>>> print(open('model-v1.txt').read())   # compact mmCIF, N, CA and C atoms
# COMPACT_ATOMS: atom_id res chain seq x y z
N MET P 1 -41.07 -136.55 3.64
CA MET P 1 -40.29 -135.65 2.80
C MET P 1 -39.78 -136.42 1.58
N ASP P 2 -39.99 -135.85 0.42
CA ASP P 2 -39.45 -136.43 -0.79
C ASP P 2 -37.98 -136.07 -0.92
N GLU P 3 -37.26 -136.90 -1.64
CA GLU P 3 -35.87 -136.57 -1.91
C GLU P 3 -35.81 -135.42 -2.90
N HIS P 4 -34.73 -134.68 -2.87
CA HIS P 4 -34.55 -133.56 -3.79
C HIS P 4 -34.51 -134.07 -5.22
N ARG P 5 -35.21 -133.36 -6.11
CA ARG P 5 -35.18 -133.74 -7.51
C ARG P 5 -35.18 -132.49 -8.37
N GLU P 6 -34.65 -132.64 -9.55
CA GLU P 6 -34.57 -131.53 -10.49
C GLU P 6 -35.95 -131.25 -11.08
N GLY P 7 -36.10 -130.05 -11.60
CA GLY P 7 -37.36 -129.70 -12.25
C GLY P 7 -38.05 -128.53 -11.56
N ARG P 8 -39.20 -128.24 -12.05
CA ARG P 8 -39.98 -127.11 -11.55
C ARG P 8 -40.52 -127.39 -10.16
N PRO P 9 -40.50 -126.40 -9.26
CA PRO P 9 -41.07 -126.62 -7.93
C PRO P 9 -42.59 -126.80 -8.05
N PRO P 10 -43.21 -127.49 -7.09
CA PRO P 10 -44.64 -127.75 -7.19
C PRO P 10 -45.49 -126.46 -7.14
N SER P 11 -44.99 -125.42 -6.54
CA SER P 11 -45.73 -124.16 -6.46
C SER P 11 -44.75 -123.00 -6.40
N VAL P 12 -45.11 -121.90 -7.04
CA VAL P 12 -44.24 -120.73 -6.98
C VAL P 12 -44.65 -119.81 -5.83
N VAL P 13 -45.73 -120.16 -5.13
CA VAL P 13 -46.15 -119.36 -3.99
C VAL P 13 -45.34 -119.83 -2.78
N THR P 14 -44.13 -119.30 -2.68
CA THR P 14 -43.22 -119.63 -1.60
C THR P 14 -43.01 -118.42 -0.72
N GLU P 15 -42.44 -118.64 0.44
CA GLU P 15 -42.15 -117.51 1.35
C GLU P 15 -41.25 -116.48 0.68
N LYS P 16 -40.30 -116.96 -0.12
CA LYS P 16 -39.38 -116.05 -0.81
C LYS P 16 -40.15 -115.17 -1.79
N ASN P 17 -41.05 -115.77 -2.59
CA ASN P 17 -41.82 -114.99 -3.55
C ASN P 17 -42.82 -114.05 -2.87
N VAL P 18 -43.42 -114.50 -1.78
CA VAL P 18 -44.34 -113.64 -1.03
C VAL P 18 -43.57 -112.43 -0.50
N SER P 19 -42.39 -112.66 0.03
CA SER P 19 -41.56 -111.58 0.55
C SER P 19 -41.15 -110.62 -0.56
N THR P 20 -40.79 -111.17 -1.74
CA THR P 20 -40.39 -110.33 -2.87
C THR P 20 -41.53 -109.44 -3.34
N VAL P 21 -42.74 -110.03 -3.47
CA VAL P 21 -43.91 -109.24 -3.88
C VAL P 21 -44.22 -108.17 -2.85
N GLU P 22 -44.13 -108.51 -1.58
CA GLU P 22 -44.41 -107.54 -0.52
C GLU P 22 -43.43 -106.37 -0.58
N LYS P 23 -42.15 -106.65 -0.80
CA LYS P 23 -41.15 -105.58 -0.90
C LYS P 23 -41.43 -104.67 -2.09
N LEU P 24 -41.82 -105.26 -3.23
CA LEU P 24 -42.12 -104.46 -4.41
C LEU P 24 -43.33 -103.55 -4.16
N ILE P 25 -44.31 -104.04 -3.45
CA ILE P 25 -45.50 -103.23 -3.17
C ILE P 25 -45.16 -102.12 -2.18
N ILE P 26 -44.32 -102.41 -1.22
CA ILE P 26 -43.93 -101.37 -0.27
C ILE P 26 -43.17 -100.25 -0.98
N GLN P 27 -42.35 -100.62 -1.96
CA GLN P 27 -41.61 -99.61 -2.73
C GLN P 27 -42.53 -98.77 -3.59
N ASP P 28 -43.57 -99.39 -4.16
CA ASP P 28 -44.48 -98.67 -5.07
C ASP P 28 -45.87 -99.25 -4.94
N ARG P 29 -46.75 -98.58 -4.20
CA ARG P 29 -48.11 -99.07 -3.99
C ARG P 29 -48.96 -98.99 -5.26
N ARG P 30 -48.47 -98.33 -6.31
CA ARG P 30 -49.22 -98.21 -7.55
C ARG P 30 -48.82 -99.28 -8.58
N ILE P 31 -47.97 -100.19 -8.20
CA ILE P 31 -47.51 -101.22 -9.13
C ILE P 31 -48.68 -102.12 -9.52
N THR P 32 -48.70 -102.55 -10.77
CA THR P 32 -49.80 -103.39 -11.25
C THR P 32 -49.44 -104.86 -11.11
N VAL P 33 -50.46 -105.70 -11.23
CA VAL P 33 -50.25 -107.14 -11.15
C VAL P 33 -49.34 -107.60 -12.29
N LYS P 34 -49.54 -107.05 -13.47
CA LYS P 34 -48.68 -107.42 -14.61
C LYS P 34 -47.23 -107.04 -14.35
N GLN P 35 -47.01 -105.85 -13.77
CA GLN P 35 -45.63 -105.44 -13.46
C GLN P 35 -45.02 -106.36 -12.40
N LEU P 36 -45.83 -106.73 -11.39
CA LEU P 36 -45.33 -107.65 -10.36
C LEU P 36 -44.96 -109.00 -10.98
N ALA P 37 -45.81 -109.49 -11.87
CA ALA P 37 -45.53 -110.78 -12.53
C ALA P 37 -44.25 -110.69 -13.35
N PHE P 38 -44.07 -109.57 -14.05
CA PHE P 38 -42.87 -109.39 -14.87
C PHE P 38 -41.62 -109.31 -13.98
N GLU P 39 -41.69 -108.53 -12.91
CA GLU P 39 -40.53 -108.35 -12.02
C GLU P 39 -40.14 -109.66 -11.31
N THR P 40 -41.14 -110.42 -10.89
CA THR P 40 -40.84 -111.64 -10.12
C THR P 40 -40.72 -112.88 -10.98
N LYS P 41 -41.11 -112.75 -12.27
CA LYS P 41 -41.05 -113.87 -13.21
C LYS P 41 -41.95 -115.03 -12.78
N ILE P 42 -43.13 -114.70 -12.21
CA ILE P 42 -44.14 -115.70 -11.90
C ILE P 42 -45.45 -115.29 -12.57
N SER P 43 -46.39 -116.18 -12.64
CA SER P 43 -47.62 -115.93 -13.39
C SER P 43 -48.51 -114.89 -12.69
N ILE P 44 -49.38 -114.29 -13.49
CA ILE P 44 -50.31 -113.30 -12.94
C ILE P 44 -51.22 -113.94 -11.90
N GLY P 45 -51.68 -115.16 -12.16
CA GLY P 45 -52.53 -115.87 -11.19
C GLY P 45 -51.83 -116.11 -9.87
N SER P 46 -50.56 -116.47 -9.92
CA SER P 46 -49.80 -116.69 -8.68
C SER P 46 -49.58 -115.38 -7.94
N VAL P 47 -49.34 -114.29 -8.68
CA VAL P 47 -49.19 -112.98 -8.04
C VAL P 47 -50.49 -112.59 -7.35
N GLU P 48 -51.62 -112.82 -8.01
CA GLU P 48 -52.92 -112.50 -7.40
C GLU P 48 -53.16 -113.34 -6.15
N THR P 49 -52.77 -114.61 -6.19
CA THR P 49 -52.91 -115.47 -5.00
C THR P 49 -52.08 -114.92 -3.86
N ILE P 50 -50.87 -114.51 -4.13
CA ILE P 50 -49.99 -113.94 -3.09
C ILE P 50 -50.61 -112.66 -2.53
N LEU P 51 -51.08 -111.78 -3.40
CA LEU P 51 -51.65 -110.50 -2.96
C LEU P 51 -52.88 -110.69 -2.09
N HIS P 52 -53.81 -111.54 -2.54
CA HIS P 52 -55.08 -111.66 -1.85
C HIS P 52 -55.06 -112.65 -0.69
N ASP P 53 -54.44 -113.82 -0.88
CA ASP P 53 -54.50 -114.86 0.14
C ASP P 53 -53.38 -114.79 1.17
N HIS P 54 -52.20 -114.30 0.76
CA HIS P 54 -51.06 -114.29 1.68
C HIS P 54 -50.80 -112.91 2.28
N LEU P 55 -50.97 -111.86 1.50
CA LEU P 55 -50.70 -110.51 2.00
C LEU P 55 -51.97 -109.74 2.38
N ASN P 56 -53.13 -110.32 2.10
CA ASN P 56 -54.43 -109.71 2.43
C ASN P 56 -54.54 -108.28 1.91
N LEU P 57 -54.25 -108.10 0.64
CA LEU P 57 -54.30 -106.78 0.03
C LEU P 57 -55.42 -106.71 -1.00
N ASN P 58 -55.98 -105.51 -1.14
CA ASN P 58 -56.97 -105.21 -2.18
C ASN P 58 -56.52 -103.98 -2.93
N LYS P 59 -56.93 -103.85 -4.16
CA LYS P 59 -56.61 -102.67 -4.97
C LYS P 59 -57.72 -101.65 -4.75
N VAL P 60 -57.34 -100.45 -4.29
CA VAL P 60 -58.29 -99.37 -4.07
C VAL P 60 -57.79 -98.15 -4.82
N SER P 61 -58.51 -97.76 -5.85
CA SER P 61 -58.18 -96.57 -6.62
C SER P 61 -56.70 -96.55 -7.00
N ALA P 62 -56.24 -97.62 -7.60
CA ALA P 62 -54.88 -97.77 -8.13
C ALA P 62 -53.80 -97.90 -7.06
N LEU P 63 -54.19 -98.17 -5.79
CA LEU P 63 -53.21 -98.40 -4.73
C LEU P 63 -53.50 -99.72 -4.05
N TRP P 64 -52.46 -100.45 -3.67
CA TRP P 64 -52.64 -101.66 -2.87
C TRP P 64 -52.71 -101.26 -1.41
N VAL P 65 -53.79 -101.63 -0.73
CA VAL P 65 -53.97 -101.28 0.68
C VAL P 65 -54.29 -102.53 1.48
N PRO P 66 -53.91 -102.56 2.76
CA PRO P 66 -54.21 -103.72 3.59
C PRO P 66 -55.71 -103.94 3.73
N ARG P 67 -56.12 -105.19 3.69
CA ARG P 67 -57.53 -105.53 3.82
C ARG P 67 -57.91 -105.67 5.30
N LEU P 68 -56.98 -106.07 6.12
CA LEU P 68 -57.23 -106.29 7.54
C LEU P 68 -56.32 -105.40 8.37
N LEU P 69 -56.60 -105.33 9.66
CA LEU P 69 -55.73 -104.57 10.55
C LEU P 69 -54.37 -105.26 10.64
N THR P 70 -53.34 -104.44 10.71
CA THR P 70 -52.00 -104.99 10.88
C THR P 70 -51.79 -105.38 12.34
N THR P 71 -50.71 -106.08 12.61
CA THR P 71 -50.39 -106.47 13.98
C THR P 71 -50.21 -105.24 14.86
N ASP P 72 -49.57 -104.19 14.33
CA ASP P 72 -49.38 -102.96 15.10
C ASP P 72 -50.71 -102.29 15.41
N GLN P 73 -51.64 -102.28 14.45
CA GLN P 73 -52.94 -101.68 14.68
C GLN P 73 -53.74 -102.46 15.73
N LYS P 74 -53.64 -103.79 15.68
CA LYS P 74 -54.31 -104.61 16.69
C LYS P 74 -53.73 -104.34 18.08
N GLN P 75 -52.40 -104.22 18.15
CA GLN P 75 -51.76 -103.94 19.43
C GLN P 75 -52.16 -102.58 19.96
N GLU P 76 -52.31 -101.60 19.08
CA GLU P 76 -52.75 -100.27 19.49
C GLU P 76 -54.16 -100.32 20.08
N ARG P 77 -55.03 -101.14 19.51
CA ARG P 77 -56.38 -101.32 20.06
C ARG P 77 -56.30 -101.88 21.48
N VAL P 78 -55.45 -102.88 21.67
CA VAL P 78 -55.29 -103.48 23.00
C VAL P 78 -54.77 -102.45 23.98
N ASN P 79 -53.77 -101.67 23.57
CA ASN P 79 -53.21 -100.64 24.46
C ASN P 79 -54.26 -99.60 24.84
N CYS P 80 -55.08 -99.18 23.87
CA CYS P 80 -56.13 -98.20 24.15
C CYS P 80 -57.14 -98.74 25.15
N ARG P 81 -57.52 -99.99 24.97
CA ARG P 81 -58.50 -100.59 25.90
C ARG P 81 -57.92 -100.74 27.30
N LYS P 82 -56.66 -101.13 27.39
CA LYS P 82 -56.04 -101.23 28.72
C LYS P 82 -55.99 -99.87 29.39
N HIS P 83 -55.67 -98.83 28.61
CA HIS P 83 -55.63 -97.47 29.15
C HIS P 83 -57.02 -97.05 29.66
N LEU P 84 -58.04 -97.35 28.89
CA LEU P 84 -59.40 -97.00 29.31
C LEU P 84 -59.80 -97.74 30.58
N LEU P 85 -59.40 -99.00 30.70
CA LEU P 85 -59.73 -99.76 31.91
C LEU P 85 -59.00 -99.20 33.13
N ARG P 86 -57.77 -98.73 32.94
CA ARG P 86 -57.05 -98.10 34.06
C ARG P 86 -57.74 -96.81 34.47
N GLN P 87 -58.21 -96.04 33.48
CA GLN P 87 -58.94 -94.80 33.78
C GLN P 87 -60.21 -95.10 34.57
N GLU P 88 -60.91 -96.17 34.17
CA GLU P 88 -62.15 -96.53 34.84
C GLU P 88 -61.89 -96.98 36.27
N ALA P 89 -60.75 -97.62 36.51
CA ALA P 89 -60.41 -98.06 37.86
C ALA P 89 -60.21 -96.87 38.79
N ASN P 90 -59.73 -95.75 38.25
CA ASN P 90 -59.51 -94.55 39.05
C ASN P 90 -60.75 -93.67 39.17
N ASP P 91 -61.69 -93.82 38.25
CA ASP P 91 -62.87 -92.96 38.21
C ASP P 91 -64.08 -93.81 37.86
N ALA P 92 -64.95 -94.07 38.84
CA ALA P 92 -66.09 -94.96 38.63
C ALA P 92 -67.06 -94.45 37.56
N PHE P 93 -67.09 -93.15 37.31
CA PHE P 93 -68.03 -92.59 36.33
C PHE P 93 -67.38 -92.34 34.97
N PHE P 94 -66.16 -92.84 34.79
CA PHE P 94 -65.41 -92.58 33.55
C PHE P 94 -66.17 -93.03 32.31
N PHE P 95 -66.66 -94.27 32.30
CA PHE P 95 -67.33 -94.79 31.11
C PHE P 95 -68.71 -94.16 30.90
N ARG P 96 -69.31 -93.62 31.92
CA ARG P 96 -70.61 -92.96 31.75
C ARG P 96 -70.48 -91.64 30.99
N ARG P 97 -69.27 -91.09 30.95
CA ARG P 97 -69.05 -89.83 30.23
C ARG P 97 -68.64 -90.03 28.78
N ILE P 98 -68.45 -91.28 28.37
CA ILE P 98 -68.05 -91.57 27.00
C ILE P 98 -69.28 -91.92 26.17
N VAL P 99 -69.43 -91.27 25.05
CA VAL P 99 -70.54 -91.55 24.14
C VAL P 99 -70.02 -92.47 23.05
N THR P 100 -70.68 -93.60 22.88
CA THR P 100 -70.28 -94.56 21.84
C THR P 100 -71.47 -94.89 20.96
N ILE P 101 -71.15 -95.31 19.75
CA ILE P 101 -72.19 -95.73 18.81
C ILE P 101 -72.06 -97.23 18.56
N ASP P 102 -70.88 -97.67 18.18
CA ASP P 102 -70.63 -99.09 17.96
C ASP P 102 -69.15 -99.37 18.17
N ASP P 103 -68.78 -100.61 17.98
CA ASP P 103 -67.40 -101.03 18.22
C ASP P 103 -66.68 -101.26 16.89
N THR P 104 -66.79 -100.29 16.00
CA THR P 104 -66.16 -100.41 14.70
C THR P 104 -64.79 -99.75 14.74
N TRP P 105 -63.80 -100.47 14.24
CA TRP P 105 -62.45 -99.93 14.14
C TRP P 105 -62.25 -99.51 12.69
N ILE P 106 -61.92 -98.26 12.47
CA ILE P 106 -61.81 -97.75 11.11
C ILE P 106 -60.35 -97.44 10.81
N TYR P 107 -59.88 -97.97 9.69
CA TYR P 107 -58.53 -97.69 9.22
C TYR P 107 -58.64 -96.58 8.19
N GLN P 108 -58.10 -95.41 8.51
CA GLN P 108 -58.25 -94.26 7.62
C GLN P 108 -57.36 -94.41 6.39
N PHE P 109 -57.99 -94.25 5.25
CA PHE P 109 -57.28 -94.25 3.98
C PHE P 109 -57.99 -93.28 3.06
N ASP P 110 -57.29 -92.28 2.59
CA ASP P 110 -57.88 -91.26 1.73
C ASP P 110 -57.41 -91.51 0.30
N PRO P 111 -58.23 -92.22 -0.50
CA PRO P 111 -57.81 -92.49 -1.88
C PRO P 111 -57.83 -91.22 -2.72
N GLU P 112 -56.93 -91.19 -3.68
CA GLU P 112 -56.89 -90.06 -4.59
C GLU P 112 -58.01 -90.21 -5.61
N PRO P 113 -58.42 -89.11 -6.22
CA PRO P 113 -59.38 -89.24 -7.32
C PRO P 113 -58.75 -90.07 -8.46
N LYS P 114 -59.58 -90.74 -9.23
CA LYS P 114 -59.07 -91.62 -10.28
C LYS P 114 -58.20 -90.84 -11.29
N SER P 115 -58.54 -89.58 -11.53
CA SER P 115 -57.76 -88.80 -12.47
C SER P 115 -56.33 -88.58 -11.97
N ALA P 116 -56.17 -88.39 -10.66
CA ALA P 116 -54.84 -88.19 -10.09
C ALA P 116 -54.05 -89.49 -10.06
N SER P 117 -54.75 -90.62 -9.83
CA SER P 117 -54.04 -91.89 -9.74
C SER P 117 -53.64 -92.44 -11.11
N MET P 118 -54.19 -91.90 -12.18
CA MET P 118 -53.85 -92.37 -13.52
C MET P 118 -52.51 -91.79 -14.01
N GLN P 119 -51.97 -90.82 -13.29
CA GLN P 119 -50.72 -90.18 -13.71
C GLN P 119 -49.55 -91.10 -13.48
>>> encode(input="model-v1.txt", output="structure tokens")
Amino acid sequence: MDEHREGRPPSVVTEKNVSTVEKLIIQDRRITVKQLAFETKISIGSVETILHDHLNLNKVSALWVPRLLTTDQKQERVNCRKHLLRQEANDAFFFRRIVTIDDTWIYQFDPEPKSASMQ
């Protein structure tokens, strides 16, 4: 650990700034990177690093949306699978009655048309 010294911190990508950017996005999913940089007083590049590398967000039709499943969504998958296994324990033919195609988990998001999101 270095001793405390005056001057600019080595990086503005801190937990505090990540939390601040996350709160601003939760308040307004249509906020732009420039607006986030202005509000937080950090550079556009640092805001983009926070959005993509720390918060795992992508811009979809003028909205910031999660790129990966959230912890709650992952837990819901686990709960569903446990429920299905309990059903199978009670009924040996349970899984034979289920039609599946693949094991894709889809996060539903209905983006607005670009004309509506420009308002």
>>> atom_distance(input="model-v1.txt", atom1="atom CA of Leu51 of chain P", atom2="atom CA of Ser19 of chain P")
10.7 Å
>>> atom_distance(input="model-v1.txt", atom1="atom C of Val47 of chain P", atom2="atom N of Val33 of chain P")
7.9 Å
>>> residues_around(input="model-v1.txt", residues="Lys23 of chain P", least_positions_apart="5", cutoff="12 Å", atoms="only C-alpha atoms", output="list of chain:residue names")
P:Lys16, P:Asn17, P:Val18, P:Asp28, P:Arg29, P:Ile31, P:Leu36, P:Glu39, P:Thr40, P:Leu51, P:Leu55
>>> atom_distance(input="model-v1.txt", atom1="atom C of Asp53 of chain P", atom2="atom CA of Val78 of chain P")
24.7 Å
>>> closest_residue(input="model-v1.txt", among="P:Glu3, P:Glu88, P:Lys34, P:Asn56", to="Glu22 of chain P", atoms="only C-alpha atoms")
P:Asn56
>>> closest_residue(input="model-v1.txt", among="P:Ser46, P:Ile25, P:Ala37, P:Arg30", to="Ser11 of chain P", atoms="only C-alpha atoms")
P:Ser46
>>> decode(input="model-v1.txt", residues="segment 68-79 of chain P", atoms="N, CA, C and O atoms", output="mmCIF file, in the first residue's frame")
data_model
loop_
_atom_site.group_PDB
_atom_site.id
_atom_site.type_symbol
_atom_site.label_atom_id
_atom_site.label_comp_id
_atom_site.auth_asym_id
_atom_site.auth_seq_id
_atom_site.Cartn_x
_atom_site.Cartn_y
_atom_site.Cartn_z
ATOM 1 N N LEU P 68 -26.141 -9.648 -19.698
ATOM 2 C CA LEU P 68 -26.155 -10.994 -19.141
ATOM 3 C C LEU P 68 -27.337 -11.149 -18.197
ATOM 4 O O LEU P 68 -27.977 -10.182 -17.824
ATOM 5 N N LEU P 69 -27.607 -12.377 -17.802
ATOM 6 C CA LEU P 69 -28.666 -12.619 -16.833
ATOM 7 C C LEU P 69 -28.269 -12.017 -15.487
ATOM 8 O O LEU P 69 -27.118 -12.081 -15.083
ATOM 9 N N THR P 70 -29.254 -11.473 -14.807
ATOM 10 C CA THR P 70 -28.997 -10.936 -13.474
ATOM 11 C C THR P 70 -28.946 -12.084 -12.473
ATOM 12 O O THR P 70 -29.310 -13.223 -12.784
ATOM 13 N N THR P 71 -28.523 -11.791 -11.268
ATOM 14 C CA THR P 71 -28.464 -12.798 -10.217
ATOM 15 C C THR P 71 -29.856 -13.359 -9.942
ATOM 16 O O THR P 71 -30.018 -14.569 -9.757
ATOM 17 N N ASP P 72 -30.880 -12.503 -9.942
ATOM 18 C CA ASP P 72 -32.253 -12.967 -9.714
ATOM 19 C C ASP P 72 -32.715 -13.892 -10.827
ATOM 20 O O ASP P 72 -33.391 -14.899 -10.574
ATOM 21 N N GLN P 73 -32.369 -13.575 -12.075
ATOM 22 C CA GLN P 73 -32.761 -14.422 -13.194
ATOM 23 C C GLN P 73 -32.063 -15.784 -13.125
ATOM 24 O O GLN P 73 -32.675 -16.818 -13.400
ATOM 25 N N LYS P 74 -30.791 -15.780 -12.733
ATOM 26 C CA LYS P 74 -30.076 -17.045 -12.570
ATOM 27 C C LYS P 74 -30.704 -17.888 -11.465
ATOM 28 O O LYS P 74 -30.857 -19.099 -11.601
ATOM 29 N N GLN P 75 -31.078 -17.232 -10.367
ATOM 30 C CA GLN P 75 -31.706 -17.954 -9.260
ATOM 31 C C GLN P 75 -33.048 -18.525 -9.678
ATOM 32 O O GLN P 75 -33.406 -19.634 -9.302
ATOM 33 N N GLU P 76 -33.794 -17.787 -10.489
ATOM 34 C CA GLU P 76 -35.083 -18.281 -10.990
ATOM 35 C C GLU P 76 -34.887 -19.524 -11.845
ATOM 36 O O GLU P 76 -35.678 -20.461 -11.785
ATOM 37 N N ARG P 77 -33.830 -19.568 -12.637
ATOM 38 C CA ARG P 77 -33.519 -20.763 -13.434
ATOM 39 C C ARG P 77 -33.266 -21.960 -12.521
ATOM 40 O O ARG P 77 -33.750 -23.059 -12.767
ATOM 41 N N VAL P 78 -32.493 -21.734 -11.459
ATOM 42 C CA VAL P 78 -32.200 -22.811 -10.516
ATOM 43 C C VAL P 78 -33.482 -23.291 -9.857
ATOM 44 O O VAL P 78 -33.730 -24.503 -9.740
ATOM 45 N N ASN P 79 -34.331 -22.364 -9.433
ATOM 46 C CA ASN P 79 -35.597 -22.741 -8.789
ATOM 47 C C ASN P 79 -36.489 -23.548 -9.730
ATOM 48 O O ASN P 79 -37.114 -24.526 -9.319
#
